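Asker: This is the structure, below, for whatever I ask next.
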Number of protein chains: 2
Amino acid sequence: MELDFTKSDGLVAAVIQDAQSGRVLMVGWMNDEAFKKTVETGYAVFYSRSRNKLWLKGETSGHRLVVKEISTDCDRDAVLLKVEAQGPGVCHEGYESCFFRSLEDGSWKVKDTQAYDPNAVYGN
Amino acid sequence: MELDFTKSDGLVAAVIQDAQSGRVLMVGWMNDEAFKKTVETGYAVFYSRSRNKLWLKGETSGHRLVVKEISTDCDRDAVLLKVEAQGPGVCHEGYESCFFRSLEDGSWKVKDTQAYDPNAVYGN
């Protein structure tokens, strides 16, 4: 179950994909402990680079990610998690996916509508 | 078109997804120059952390990635590229996707069959 945590300061990139629709929902980071907790609990646990600690995705919002399948890439420095997302969206800005902006004529344009009101979930 | 390159030593994670099937094919890294070249040329250009230089994906194999759509996430430190992959696979080990191993009973198991012979493409 070994991963290569040496290339990104003890972390691997974790791509989160909706198991049903195939939509890429977010990219998070995992250290060894976060990865092990993810495997043990069946819920995605990340390492927050800004807060320097583990976080169970959904601990505030209730929008947990139920892990259906975990893959790794050829050099084992990234993981791909197919998940069932509990709740309407994974993005703290209220969108289904954190990738709600696309490049159009050299600028990032919002391409989605919000799936929920982030103020109601996270508070102001 | 600004991205946040400060969190990963000047790089952003670039998730490559097949535009047709939705399969996640690989995760690469881009610095500002690689990202701009990707946008300008319409082919995915990465920054190699091991070789410390830009690489046009497919420069050896011919298996280029034609970019169909580029999205970024809420904090702009990752990009998602929907692509049309030229050639049978993006992985230098001969698979369609670099994510050809999944976790099963605590071990990584190969879940795919090779899509091409890497020795014929990359040489021995």
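Please note that chains go A, B, ... in the order of the structure tokens, that every chain numbers its residues from 1, and that ligands are numbered from 1 in the order shown.
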At a cut-off of 6 Å, can you tabulate as JSON lines every residue of chain B near chain A together with its closest atom pair and the distance in Å to one decimal, using only C-alpha atoms and ordering rows by chain then number?
Answerer:
{"residue": "B:Met1", "atom": "CA", "partner": "A:Ser107", "partner_atom": "CA", "distance": 5.0}
{"residue": "B:Gly22", "atom": "CA", "partner": "A:Gly22", "partner_atom": "CA", "distance": 5.6}
{"residue": "B:Ile70", "atom": "CA", "partner": "A:Ser102", "partner_atom": "CA", "distance": 5.5}
{"residue": "B:Ser71", "atom": "CA", "partner": "A:Ser102", "partner_atom": "CA", "distance": 4.0}
{"residue": "B:Thr72", "atom": "CA", "partner": "A:Phe99", "partner_atom": "CA", "distance": 5.2}
{"residue": "B:Asp73", "atom": "CA", "partner": "A:Phe99", "partner_atom": "CA", "distance": 4.2}
{"residue": "B:Cys74", "atom": "CA", "partner": "A:Cys98", "partner_atom": "CA", "distance": 5.3}
{"residue": "B:Cys98", "atom": "CA", "partner": "A:Asp73", "partner_atom": "CA", "distance": 4.7}
{"residue": "B:Phe99", "atom": "CA", "partner": "A:Asp73", "partner_atom": "CA", "distance": 4.2}
{"residue": "B:Arg101", "atom": "CA", "partner": "A:Ser71", "partner_atom": "CA", "distance": 5.4}
{"residue": "B:Ser102", "atom": "CA", "partner": "A:Ser71", "partner_atom": "CA", "distance": 4.0}
{"residue": "B:Leu103", "atom": "CA", "partner": "A:Ile70", "partner_atom": "CA", "distance": 5.6}
{"residue": "B:Gly106", "atom": "CA", "partner": "A:Met1", "partner_atom": "CA", "distance": 5.9}
{"residue": "B:Ser107", "atom": "CA", "partner": "A:Met1", "partner_atom": "CA", "distance": 5.0}
Asker: Please, which residues of chain A, numbered as in this document, come out strand (DSSP E) from DSSP, as a PyMOL selection string?
Answerer: chain A and resi 12-18+24-30+45-48+53-56+65-72+78-85+101-104+107-110
Asker: Calculate how many Å separate CA of Ala44 (chain A) from CA of Asp4 (chain A), rounding to one decimal.
Answerer: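 Interatomic distance here is 18.6 Å.
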Asker: Could you state the separation of CA of Leu54 (chain A) and CA of Asn31 (chain B) in Å, given to one decimal place?
Answerer: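 Between CA of Leu54 (chain A) and CA of Asn31 (chain B) the gap works out to 26.7 Å.
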Asker: May I ask for the distance between CA of Val12 (chain B) and CA of Tyr47 (chain B), given in Å to one decimal place?
Answerer: 9.6 Å
Asker: Choose the residue, out of A:Phe35, A:Asp18, A:Thr41, A:Asp112, that has the smallest atom-to-atom separation from Gln86 (chain A); count only C-alpha atoms.
Answerer: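 Among the listed residues, A:Asp18 lies closest to Gln86 (chain A).
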Asker: Quick one: residues within 12 Å of Gly58 (chain B), only C-alpha atoms counted, chain neighbours fewer than 2 positions away excluded, as a list in words?
Answerer: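 Contacts, in chain order: Tyr43, Ala44, Val45, Phe46, Trp55, Leu56, Thr60, Ser61, Gly62, His63, Arg64, Leu65, Val66, Ala85, Gln86, Gly87, Pro88, Gly89, Val90, Cys91, His92, Val121 and Tyr122 of chain B.
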